[in-house]
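Trainee: File name protein-v2.csv; file contents CSV, C-alpha atoms; full text below.
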chain,number,residue,atom,x,y,z
B,1,MET,CA,-8.1,5.3,0.7
B,2,HIS,CA,-5.4,3.5,2.8
B,3,ILE,CA,-3.3,6.2,4.5
B,4,PRO,CA,0.3,5.5,3.8
B,5,GLU,CA,3.1,5.4,6.4
B,6,GLY,CA,4.4,8.7,7.6
B,7,PHE,CA,1.3,10.8,7.0
B,8,VAL,CA,-0.2,10.5,10.5
B,9,ALA,CA,1.3,12.1,13.6
B,10,PRO,CA,2.2,9.9,16.6
B,11,GLN,CA,-0.2,12.0,18.7
B,12,VAL,CA,-2.9,10.6,16.5
B,13,TYR,CA,-1.9,7.1,15.8
B,14,VAL,CA,-0.9,6.1,19.3
B,15,PRO,CA,-4.4,6.9,20.8
B,16,ALA,CA,-5.9,5.4,17.6
B,17,TYR,CA,-4.1,2.1,18.3
B,18,ALA,CA,-5.6,2.1,21.8
B,19,VAL,CA,-9.1,2.9,20.6
B,20,SER,CA,-9.1,0.6,17.6
B,21,MET,CA,-7.6,-2.4,19.6
B,22,GLY,CA,-10.1,-1.7,22.4
B,23,LEU,CA,-12.9,-1.8,19.9
B,24,ALA,CA,-11.5,-4.9,18.3
B,25,LEU,CA,-11.3,-6.7,21.6
B,26,TYR,CA,-15.0,-5.8,22.3
B,27,GLY,CA,-15.8,-6.8,18.8
B,28,PHE,CA,-14.1,-10.1,19.3
B,29,ARG,CA,-16.4,-11.0,22.2
B,30,LYS,CA,-19.4,-10.1,20.0
B,31,PHE,CA,-18.0,-12.1,17.2
B,32,LYS,CA,-17.5,-15.2,19.4
B,33,GLU,CA,-21.1,-14.9,20.6
B,34,ARG,CA,-22.6,-14.6,17.1
B,35,LEU,CA,-20.3,-17.1,15.4
B,36,SER,CA,-21.8,-20.4,14.3
B,37,GLU,CA,-20.2,-23.3,12.5
B,38,ARG,CA,-22.3,-22.5,9.4
B,39,SER,CA,-21.2,-18.9,9.3
B,40,ILE,CA,-17.4,-19.4,9.3
B,41,PRO,CA,-16.9,-20.3,5.6
B,42,ARG,CA,-19.2,-17.4,4.6
B,43,LEU,CA,-17.4,-15.0,6.7
B,44,ALA,CA,-14.1,-16.2,5.2
B,45,LEU,CA,-15.5,-15.7,1.7
B,46,LEU,CA,-16.9,-12.2,2.4
B,47,SER,CA,-13.6,-11.2,4.1
B,48,ALA,CA,-11.7,-12.5,1.0
B,49,PHE,CA,-14.1,-10.5,-1.1
B,50,ALA,CA,-13.3,-7.4,0.9
B,51,PHE,CA,-9.6,-8.1,0.7
B,52,ILE,CA,-9.7,-8.3,-3.1
B,53,LEU,CA,-12.0,-5.3,-3.5
B,54,SER,CA,-9.9,-3.1,-1.3
B,55,SER,CA,-6.6,-4.3,-2.8
B,56,LEU,CA,-7.5,-3.3,-6.4
B,57,SER,CA,-7.0,0.3,-7.1
B,58,PHE,CA,-8.5,2.0,-10.1
B,59,PRO,CA,-6.8,5.0,-11.6
B,60,LEU,CA,-8.8,8.2,-12.1
B,61,PRO,CA,-8.1,11.2,-14.3
B,62,GLY,CA,-5.8,13.6,-12.4
B,63,GLY,CA,-3.3,11.0,-11.3
B,64,THR,CA,-5.2,9.6,-8.3
B,65,SER,CA,-6.5,6.1,-7.8
B,66,VAL,CA,-9.4,4.8,-5.7
B,67,HIS,CA,-10.6,1.5,-4.4
B,68,GLY,CA,-13.7,0.0,-2.8
B,69,VAL,CA,-13.9,-1.4,0.8
B,70,GLY,CA,-16.3,-4.3,0.7
B,71,VAL,CA,-17.3,-4.0,4.4
B,72,ALA,CA,-21.0,-3.4,3.8
B,73,PRO,CA,-22.0,-7.0,2.9
B,74,LEU,CA,-20.2,-8.2,6.1
B,75,ALA,CA,-22.0,-5.6,8.2
B,76,LEU,CA,-25.4,-6.2,6.8
B,77,LEU,CA,-25.3,-10.0,7.0
B,78,TYR,CA,-23.2,-10.6,10.2
B,79,GLY,CA,-23.5,-7.3,12.2
B,80,PRO,CA,-21.1,-4.3,12.4
B,81,TRP,CA,-18.9,-5.7,15.1
B,82,THR,CA,-18.1,-8.9,13.1
B,83,ALA,CA,-17.6,-6.7,10.0
B,84,TYR,CA,-15.2,-4.4,11.9
B,85,LEU,CA,-13.1,-7.4,13.2
B,86,CYS,CA,-12.9,-8.9,9.7
B,87,MET,CA,-11.8,-5.6,8.3
B,88,CYS,CA,-9.1,-5.3,11.0
B,89,LEU,CA,-7.8,-8.6,9.8
B,90,VAL,CA,-8.0,-7.7,6.1
B,91,LEU,CA,-6.3,-4.3,6.7
B,92,LEU,CA,-3.5,-5.9,8.7
B,93,LEU,CA,-2.8,-8.4,5.9
B,94,GLN,CA,-2.8,-5.6,3.4
B,95,ALA,CA,-0.4,-3.5,5.5
B,96,VAL,CA,2.1,-6.3,6.0
B,97,LEU,CA,1.8,-8.1,2.6
B,98,LEU,CA,0.9,-5.4,0.1
B,99,GLY,CA,2.2,-2.3,1.8
B,100,HIS,CA,-1.3,-0.7,1.5
B,101,GLY,CA,-1.3,1.5,4.6
B,102,GLY,CA,1.4,0.9,7.1
B,103,ILE,CA,2.1,-0.2,10.7
B,104,THR,CA,1.7,3.2,12.1
B,105,THR,CA,-1.4,4.1,10.1
B,106,TYR,CA,-3.0,0.7,10.5
B,107,PRO,CA,-5.3,1.8,13.5
B,108,VAL,CA,-6.4,4.9,11.6
B,109,ASN,CA,-7.2,2.9,8.5
B,110,ALA,CA,-9.0,0.3,10.7
B,111,LEU,CA,-11.1,3.0,12.3
B,112,ALA,CA,-11.9,4.8,9.0
B,113,MET,CA,-12.6,1.8,6.7
B,114,GLY,CA,-13.5,-0.8,9.3
B,115,PHE,CA,-15.4,1.0,12.1
B,116,VAL,CA,-16.9,3.9,10.1
B,117,GLY,CA,-17.5,1.7,7.1
B,118,ALA,CA,-19.2,-1.1,9.1
B,119,PHE,CA,-21.3,1.0,11.4
B,120,SER,CA,-22.4,3.5,8.8
B,121,SER,CA,-23.5,0.8,6.4
B,122,TYR,CA,-25.4,-0.9,9.2
B,123,ALA,CA,-27.1,2.3,10.3
B,124,VAL,CA,-28.0,3.4,6.8
B,125,HIS,CA,-29.5,-0.1,6.1
B,126,ARG,CA,-31.6,0.1,9.3
B,127,LEU,CA,-32.7,3.6,8.4
B,128,PHE,CA,-33.9,2.5,4.9
B,129,ALA,CA,-34.8,-1.1,5.9
B,130,LYS,CA,-38.2,-1.0,4.2
B,131,LYS,CA,-36.8,0.2,0.9
B,132,SER,CA,-35.6,-2.5,-1.6
B,133,ASN,CA,-32.5,-0.5,-2.4
B,134,ALA,CA,-31.3,-0.3,1.3
B,135,PRO,CA,-28.2,-2.5,0.6
B,136,PHE,CA,-27.2,-0.2,-2.2
B,137,LEU,CA,-27.5,2.9,0.0
B,138,ALA,CA,-25.6,1.0,2.8
B,139,GLY,CA,-22.7,0.2,0.4
B,140,PHE,CA,-22.8,3.7,-1.1
B,141,PHE,CA,-22.6,5.6,2.2
B,142,SER,CA,-20.1,3.2,3.8
B,143,THR,CA,-17.6,4.0,1.1
B,144,LEU,CA,-18.3,7.7,1.1
B,145,LEU,CA,-18.2,8.1,4.8
B,146,SER,CA,-15.0,6.1,5.1
B,147,ALA,CA,-13.5,8.3,2.5
B,148,LEU,CA,-14.8,11.4,4.3
B,149,SER,CA,-13.3,10.3,7.6
B,150,VAL,CA,-9.9,9.7,5.9
B,151,ALA,CA,-10.1,13.2,4.3
B,152,LEU,CA,-11.0,14.8,7.7
B,153,LEU,CA,-8.3,13.0,9.5
B,154,LEU,CA,-5.6,13.9,7.0
B,155,GLY,CA,-6.9,17.4,6.4
B,156,VAL,CA,-6.6,18.5,10.1
B,157,HIS,CA,-2.9,17.5,10.2
B,158,PRO,CA,-1.5,20.7,8.7
B,159,TYR,CA,-3.4,22.8,11.2
B,160,LEU,CA,-2.3,20.8,14.3
B,161,PHE,CA,1.2,19.7,13.6
B,162,THR,CA,3.7,22.3,12.2
B,163,ASP,CA,7.3,23.2,13.0
B,164,PRO,CA,8.1,26.7,14.4
B,165,SER,CA,8.3,28.1,10.8
B,166,GLY,CA,4.7,26.9,10.1
B,167,ARG,CA,5.7,24.0,7.8
B,168,ALA,CA,3.5,20.9,8.1
B,169,LEU,CA,5.4,18.1,9.9
B,170,TYR,CA,3.2,15.2,8.6
B,171,PHE,CA,0.5,15.4,6.0
B,172,PRO,CA,0.8,18.8,4.3
B,173,TYR,CA,-2.6,19.4,2.6
B,174,PRO,CA,-5.4,21.1,4.4
B,175,LEU,CA,-9.1,20.2,4.6
B,176,GLY,CA,-9.9,22.5,1.6
B,177,ILE,CA,-7.9,20.1,-0.6
B,178,THR,CA,-8.5,16.7,1.1
B,179,LEU,CA,-12.2,16.9,1.4
B,180,PRO,CA,-13.0,17.4,-2.3
B,181,ALA,CA,-10.0,15.4,-3.5
B,182,ILE,CA,-10.7,12.3,-1.5
B,183,THR,CA,-14.5,12.3,-1.2
B,184,LEU,CA,-15.3,13.3,-4.8
B,185,SER,CA,-12.9,10.8,-6.2
B,186,HIS,CA,-14.7,8.1,-4.3
B,187,LEU,CA,-18.2,9.0,-5.5
B,188,PRO,CA,-18.0,6.6,-8.6
B,189,VAL,CA,-16.5,3.9,-6.3
B,190,ALA,CA,-19.3,4.4,-3.9
B,191,VAL,CA,-21.9,3.8,-6.6
B,192,VAL,CA,-20.1,0.6,-7.7
B,193,GLU,CA,-19.8,-0.5,-4.1
B,194,GLY,CA,-23.5,0.1,-3.6
B,195,LEU,CA,-24.4,-2.0,-6.7
B,196,ILE,CA,-22.0,-4.8,-5.5
B,197,THR,CA,-23.5,-4.7,-2.0
B,198,GLN,CA,-27.0,-4.9,-3.4
B,199,ALA,CA,-26.1,-7.9,-5.6
B,200,VAL,CA,-24.1,-9.8,-2.9
B,201,VAL,CA,-26.6,-9.3,-0.1
B,202,GLY,CA,-29.5,-10.0,-2.4
B,203,LEU,CA,-27.9,-13.3,-3.6
B,204,LEU,CA,-27.0,-14.5,-0.1
B,205,ARG,CA,-30.4,-13.7,1.2
B,206,ARG,CA,-32.2,-15.3,-1.7
B,207,ARG,CA,-30.2,-18.5,-1.0
B,208,ASN,CA,-30.8,-18.2,2.7
B,209,LEU,CA,-27.0,-18.0,3.3
B,210,GLU,CA,-26.9,-15.2,5.8
B,211,GLY,CA,-26.4,-15.1,9.5
V,1,MET,CA,-5.4,-14.8,22.5
V,2,SER,CA,-3.7,-17.3,20.2
V,3,LEU,CA,-5.2,-15.5,17.2
V,4,LEU,CA,-3.7,-12.2,18.5
V,5,LEU,CA,-0.3,-13.9,18.9
V,6,LEU,CA,-0.6,-15.1,15.3
V,7,PHE,CA,-1.3,-11.6,14.1
V,8,VAL,CA,1.7,-10.2,16.0
V,9,LEU,CA,4.0,-12.9,14.7
V,10,LEU,CA,2.8,-12.5,11.2
V,11,SER,CA,3.3,-8.7,11.3
V,12,VAL,CA,6.8,-9.1,12.8
V,13,SER,CA,7.8,-11.8,10.4
V,14,LEU,CA,6.6,-9.9,7.3
V,15,SER,CA,7.6,-6.4,8.3
V,16,HIS,CA,11.2,-7.0,7.2
V,17,GLU,CA,10.5,-7.8,3.6
V,18,LEU,CA,12.6,-5.5,1.4
V,19,LEU,CA,10.5,-3.2,-0.8
V,20,LYS,CA,11.5,-0.9,-3.6
V,21,GLU,CA,10.3,2.2,-5.2
V,22,VAL,CA,11.6,3.3,-8.7
V,23,ARG,CA,11.6,6.9,-10.0
V,24,SER,CA,13.1,8.8,-12.8
V,25,GLU,CA,14.9,12.0,-11.8
V,26,GLY,CA,16.2,13.8,-14.9
V,27,ASN,CA,18.4,11.4,-16.8
V,28,CYS,CA,18.9,9.3,-13.8
V,29,ILE,CA,17.1,6.5,-12.1
V,30,LEU,CA,16.4,6.6,-8.3
V,31,VAL,CA,15.6,3.4,-6.5
V,32,ARG,CA,14.6,3.6,-2.8
V,33,PHE,CA,14.9,0.4,-0.8
V,34,TYR,CA,12.9,0.1,2.5
V,35,PHE,CA,11.3,-2.4,4.8
V,36,GLN,CA,7.6,-2.8,5.3
V,37,ASP,CA,7.8,-0.8,8.6
V,38,GLY,CA,9.4,2.1,6.7
V,39,THR,CA,13.0,1.6,7.8
V,40,ALA,CA,15.4,2.6,5.1
V,41,PHE,CA,17.9,0.0,3.7
V,42,SER,CA,20.8,2.3,4.4
V,43,TYR,CA,24.5,2.0,3.7
V,44,GLU,CA,24.2,-1.4,2.0
V,45,GLU,CA,26.4,-2.4,-1.0
V,46,TYR,CA,24.9,-2.4,-4.5
V,47,GLU,CA,26.0,-3.1,-8.0
V,48,VAL,CA,24.4,-2.0,-11.2
V,49,TYR,CA,24.9,-3.9,-14.4
V,50,ARG,CA,24.0,-3.5,-18.0
V,51,LYS,CA,22.1,-6.7,-18.6
V,52,GLY,CA,24.6,-9.3,-19.9
V,53,ASP,CA,27.8,-7.4,-18.8
V,54,ARG,CA,30.0,-9.0,-16.2
V,55,VAL,CA,31.7,-5.8,-15.1
V,56,PRO,CA,29.4,-3.5,-13.0
V,57,PHE,CA,28.4,-0.2,-14.5
V,58,GLN,CA,28.4,1.3,-11.0
V,59,ARG,CA,28.9,0.1,-7.5
V,60,GLY,CA,28.6,1.7,-4.1
V,61,ARG,CA,26.5,1.9,-1.0
V,62,SER,CA,22.9,3.1,-0.6
V,63,ASP,CA,22.6,6.4,1.1
V,64,ALA,CA,21.1,7.1,4.6
V,65,LEU,CA,17.6,7.0,3.1
V,66,GLY,CA,18.2,3.7,1.4
V,67,ARG,CA,18.5,5.3,-2.1
V,68,VAL,CA,20.5,4.3,-5.1
V,69,VAL,CA,20.9,6.7,-8.0
V,70,PHE,CA,22.5,5.8,-11.3
V,71,CYS,CA,22.5,7.5,-14.7
V,72,PRO,CA,22.2,4.9,-17.5
V,73,ASP,CA,24.0,5.6,-20.8
V,74,ARG,CA,21.5,3.6,-22.9
V,75,ASP,CA,18.1,2.0,-22.9
V,76,GLY,CA,17.4,-1.7,-22.5
V,77,LEU,CA,17.7,-4.1,-19.6
V,78,TRP,CA,19.6,-3.1,-16.4
V,79,LEU,CA,20.1,-5.2,-13.3
V,80,LEU,CA,20.5,-3.7,-9.8
V,81,LYS,CA,21.7,-6.0,-7.0
V,82,ILE,CA,21.7,-4.9,-3.4
V,83,SER,CA,22.4,-6.9,-0.3
V,84,SER,CA,23.2,-6.6,3.4
V,85,GLN,CA,25.3,-8.8,5.6
V,86,ASP,CA,22.3,-10.0,7.5
V,87,GLY,CA,20.8,-11.7,4.5
V,88,HIS,CA,18.4,-9.0,3.3
V,89,GLY,CA,18.7,-7.9,-0.3
V,90,ALA,CA,17.0,-7.7,-3.7
V,91,GLU,CA,17.7,-8.0,-7.4
V,92,LEU,CA,15.8,-5.5,-9.5
V,93,GLU,CA,15.6,-5.8,-13.3
V,94,LEU,CA,14.7,-2.5,-15.0
V,95,SER,CA,13.7,-2.2,-18.6
V,96,LEU,CA,14.5,1.4,-19.7
V,97,ARG,CA,12.9,3.1,-22.7
V,98,ALA,CA,13.9,6.8,-23.4
V,99,GLY,CA,15.9,6.6,-20.1
V,100,ARG,CA,12.8,5.8,-18.1
V,101,PRO,CA,11.7,2.5,-16.5
V,102,GLU,CA,8.9,1.0,-18.5
V,103,GLN,CA,7.0,-0.1,-15.4
V,104,ARG,CA,7.5,0.6,-11.8
V,105,HIS,CA,6.8,-2.9,-10.5
V,106,SER,CA,5.7,-6.1,-12.0
V,107,PRO,CA,1.9,-6.6,-11.9
V,108,ALA,CA,2.6,-10.3,-11.4
V,109,GLU,CA,4.3,-9.5,-8.1
V,110,SER,CA,1.2,-7.6,-6.9
V,111,TYR,CA,-1.1,-10.5,-7.9
V,112,LYS,CA,1.1,-13.0,-6.1
V,113,ARG,CA,0.9,-10.8,-3.0
V,114,VAL,CA,-2.9,-10.6,-3.2
V,115,LEU,CA,-3.1,-14.3,-3.6
V,116,SER,CA,-0.9,-15.0,-0.7
V,117,GLY,CA,-3.0,-12.6,1.4
V,118,LEU,CA,-6.1,-14.6,0.4
V,119,GLY,CA,-4.3,-17.7,1.5
V,120,TYR,CA,-3.5,-16.3,4.9
V,121,LEU,CA,-7.0,-15.0,5.3
V,122,LEU,CA,-8.6,-18.4,4.5
V,123,GLY,CA,-6.1,-20.1,6.7
V,124,ILE,CA,-6.9,-17.9,9.6
V,125,PHE,CA,-10.6,-18.7,9.2
V,126,GLY,CA,-9.6,-22.3,9.0
V,127,LEU,CA,-8.0,-22.0,12.4
V,128,ILE,CA,-11.1,-20.2,13.7
V,129,SER,CA,-13.2,-23.1,12.6
V,130,LEU,CA,-10.7,-25.5,14.3
V,131,ILE,CA,-10.9,-23.7,17.7
V,132,PHE,CA,-14.6,-22.8,17.3
V,133,GLY,CA,-15.6,-25.8,19.6
V,134,ARG,CA,-13.4,-24.5,22.4
V,135,TRP,CA,-15.0,-21.0,22.2
V,136,LYS,CA,-18.5,-22.4,22.3
V,137,ARG,CA,-17.8,-24.6,25.4
Transcribe the structure of this file into structure tokens.
Mentor:
Amino acid sequence: MHIPEGFVAPQVYVPAYAVSMGLALYGFRKFKERLSERSIPRLALLSAFAFILSSLSFPLPGGTSVHGVGVAPLALLYGPWTAYLCMCLVLLLQAVLLGHGGITTYPVNALAMGFVGAFSSYAVHRLFAKKSNAPFLAGFFSTLLSALSVALLLGVHPYLFTDPSGRALYFPYPLGITLPAITLSHLPVAVVEGLITQAVVGLLRRRNLEG
Amino acid sequence: MSLLLLFVLLSVSLSHELLKEVRSEGNCILVRFYFQDGTAFSYEEYEVYRKGDRVPFQRGRSDALGRVVFCPDRDGLWLLKISSQDGHGAELELSLRAGRPEQRHSPAESYKRVLSGLGYLLGIFGLISLIFGRWKR
């Protein structure tokens, strides 16, 4: 799901840097307010969990590979702003250490996986708060909506950025290809992510280790 | 603020690690060398050896896009050395079967990187816990 270097136009990633860093600064203030001595080790563990989950790609038939995000447990237990900030850190380390994503695509990845992932899981969980499978739905939709935002962002590139001959300057495939290719391939991952979120959130809540 | 500075320093210090991408093109092997920030490792000297040979099979300079192409005459182990004057470089061992590399990168290398990422992550939260008292004051 990480968008690699060179796929996103400067007209997109420069404003995305401003937006994502502005949100991160605001999120940092929220993070500081909410932080307690008790929560730091758990946040570290859940961030490490997200780092591992989003670093491991699984091949799918057709030559593509997919991975989870792991942002939902963070968002449900510590709030979406804290989750977004932790994902910014996770994605930065992945960009510089693993080459997943890149320096120019970092803000776009942070917005898609961090912001959309964190806030969608939080909103879905609140919407289905009375249902026992709310964490599953939160994990499922956070992955699917993150994938959808990546597909939308990449898919609009060939319409917006072309040379005089009409050739795409950056990402070449249109929405008709990116939407099914990215979102459908992430459906099985979203199911697994939902199950993992249900298990992790349930475990931490049963042991009174949240918040 | 100090955390932000740490992130910036971290990204700058690690953005110049040399990465490589290996592909088969017909009967030849194409290796592209580049830095984390996408900059090509251009016009740098390389040597390709059949593993065990002292005389290079091929030598030259990478092209403008940081690419090295060589066409091996047999399967087995091959060694590609590339380096620049400012201390960057890499040694790449390739195991060829039917003229193709058996694997594009070592899985052990990826695991090491994931583990180092985990180390950085836990270290950063360790720092947060150290400066937590100042934030709460």
Trainee: Distance cut-off 9 Å, counting only C-alpha atoms - which residues of chain B neighbour chain V? Return them as an mmCIF file with C-alpha atoms, in the coordinates of the input.
Mentor:
data_model
loop_
_atom_site.group_PDB
_atom_site.id
_atom_site.type_symbol
_atom_site.label_atom_id
_atom_site.label_comp_id
_atom_site.auth_asym_id
_atom_site.auth_seq_id
_atom_site.Cartn_x
_atom_site.Cartn_y
_atom_site.Cartn_z
ATOM 1 C CA GLU B 5 3.100 5.400 6.400
ATOM 2 C CA GLY B 6 4.400 8.700 7.600
ATOM 3 C CA LYS B 32 -17.500 -15.200 19.400
ATOM 4 C CA GLU B 33 -21.100 -14.900 20.600
ATOM 5 C CA LEU B 35 -20.300 -17.100 15.400
ATOM 6 C CA SER B 36 -21.800 -20.400 14.300
ATOM 7 C CA GLU B 37 -20.200 -23.300 12.500
ATOM 8 C CA ILE B 40 -17.400 -19.400 9.300
ATOM 9 C CA PRO B 41 -16.900 -20.300 5.600
ATOM 10 C CA LEU B 43 -17.400 -15.000 6.700
ATOM 11 C CA ALA B 44 -14.100 -16.200 5.200
ATOM 12 C CA LEU B 45 -15.500 -15.700 1.700
ATOM 13 C CA SER B 47 -13.600 -11.200 4.100
ATOM 14 C CA ALA B 48 -11.700 -12.500 1.000
ATOM 15 C CA PHE B 51 -9.600 -8.100 0.700
ATOM 16 C CA ILE B 52 -9.700 -8.300 -3.100
ATOM 17 C CA SER B 55 -6.600 -4.300 -2.800
ATOM 18 C CA LEU B 89 -7.800 -8.600 9.800
ATOM 19 C CA VAL B 90 -8.000 -7.700 6.100
ATOM 20 C CA LEU B 92 -3.500 -5.900 8.700
ATOM 21 C CA LEU B 93 -2.800 -8.400 5.900
ATOM 22 C CA GLN B 94 -2.800 -5.600 3.400
ATOM 23 C CA ALA B 95 -0.400 -3.500 5.500
ATOM 24 C CA VAL B 96 2.100 -6.300 6.000
ATOM 25 C CA LEU B 97 1.800 -8.100 2.600
ATOM 26 C CA LEU B 98 0.900 -5.400 0.100
ATOM 27 C CA GLY B 99 2.200 -2.300 1.800
ATOM 28 C CA GLY B 102 1.400 0.900 7.100
ATOM 29 C CA ILE B 103 2.100 -0.200 10.700
ATOM 30 C CA THR B 104 1.700 3.200 12.100
#
Trainee: Which of these residues is nearest to Gly99 in chain V, using only C-alpha atoms: V:Pro72, V:Val55, V:Leu127, V:Ile82?
Mentor: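 Comparing V:Pro72, V:Val55, V:Leu127, V:Ile82 against Gly99 in chain V, the winner is V:Pro72.
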Trainee: Rounded to one decimal place, report the CA of Tyr46 in chain V-CA of Gly101 in chain B distance in Å.
Mentor: 28.0 Å
Trainee: For a test of reading the model, state the distance in Å between CA of Glu193 in chain B and CA of Gly139 in chain B, rounded to one decimal.
Mentor: 5.4 Å
Trainee: If I take CA of Asp163 in chain B and CA of His100 in chain B, how far is one from the other in Å, to one decimal?
Mentor: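 Straight-line distance from CA of Asp163 in chain B to CA of His100 in chain B works out to 27.9 Å.
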Trainee: Compile the contact shell of range 89-93 of chain V as a list in words: residues with an atom at most 6 Å away, counting all atoms listed in the file, same-chain residues fewer than 4 positions apart removed.
Mentor: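 Neighbouring residues, sequence-local ones excluded: Trp78, Leu79, Leu80, Lys81, Ile82, Ser83 and Ser84 of chain V.
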Trainee: I'd like the contact shell of Val12 in chain B - 10 Å cut-off, all atoms listed in the file, skipping same-chain residues fewer than 5 positions apart - returned as a compact mmCIF listing (two decimals) with C-alpha atoms, in the frame of the given file.
Mentor:
# COMPACT_ATOMS: atom_id res chain seq x y z
CA TYR B 17 -4.10 2.10 18.30
CA THR B 104 1.70 3.20 12.10
CA THR B 105 -1.40 4.10 10.10
CA PRO B 107 -5.30 1.80 13.50
CA VAL B 108 -6.40 4.90 11.60
CA LEU B 153 -8.30 13.00 9.50
CA HIS B 157 -2.90 17.50 10.20
Trainee: Excluding same-chain residues fewer than 3 positions from range 68-73 of chain B, what lies within 8 Å of it counting all atoms listed in the file, as a PyMOL selection string?
Mentor: chain B and resi 46+49-51+53-54+56-57+76-77+83-84+87+113-114+117-118+121-122+135+138-139+142-143+189-190+193+197+200-201
Trainee: Can you pull out every residue within 8 Å of Phe70 in chain V, counting only C-alpha atoms, but drop anything in the same chain fewer than 4 positions away, and send it as a list of chain:residue names?
Mentor: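 The neighbour list is V:Cys28, V:Ile29, V:Leu30, V:Gln58.
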Trainee: Export, as a PDB file, in the coordinates of the input, the selected residues with C-alpha atoms.
Mentor:
ATOM      1  CA  CYS V  28      18.900   9.300 -13.800  1.00  0.00           C
ATOM      2  CA  ILE V  29      17.100   6.500 -12.100  1.00  0.00           C
ATOM      3  CA  LEU V  30      16.400   6.600  -8.300  1.00  0.00           C
ATOM      4  CA  GLN V  58      28.400   1.300 -11.000  1.00  0.00           C
TER       5      GLN V  58
END
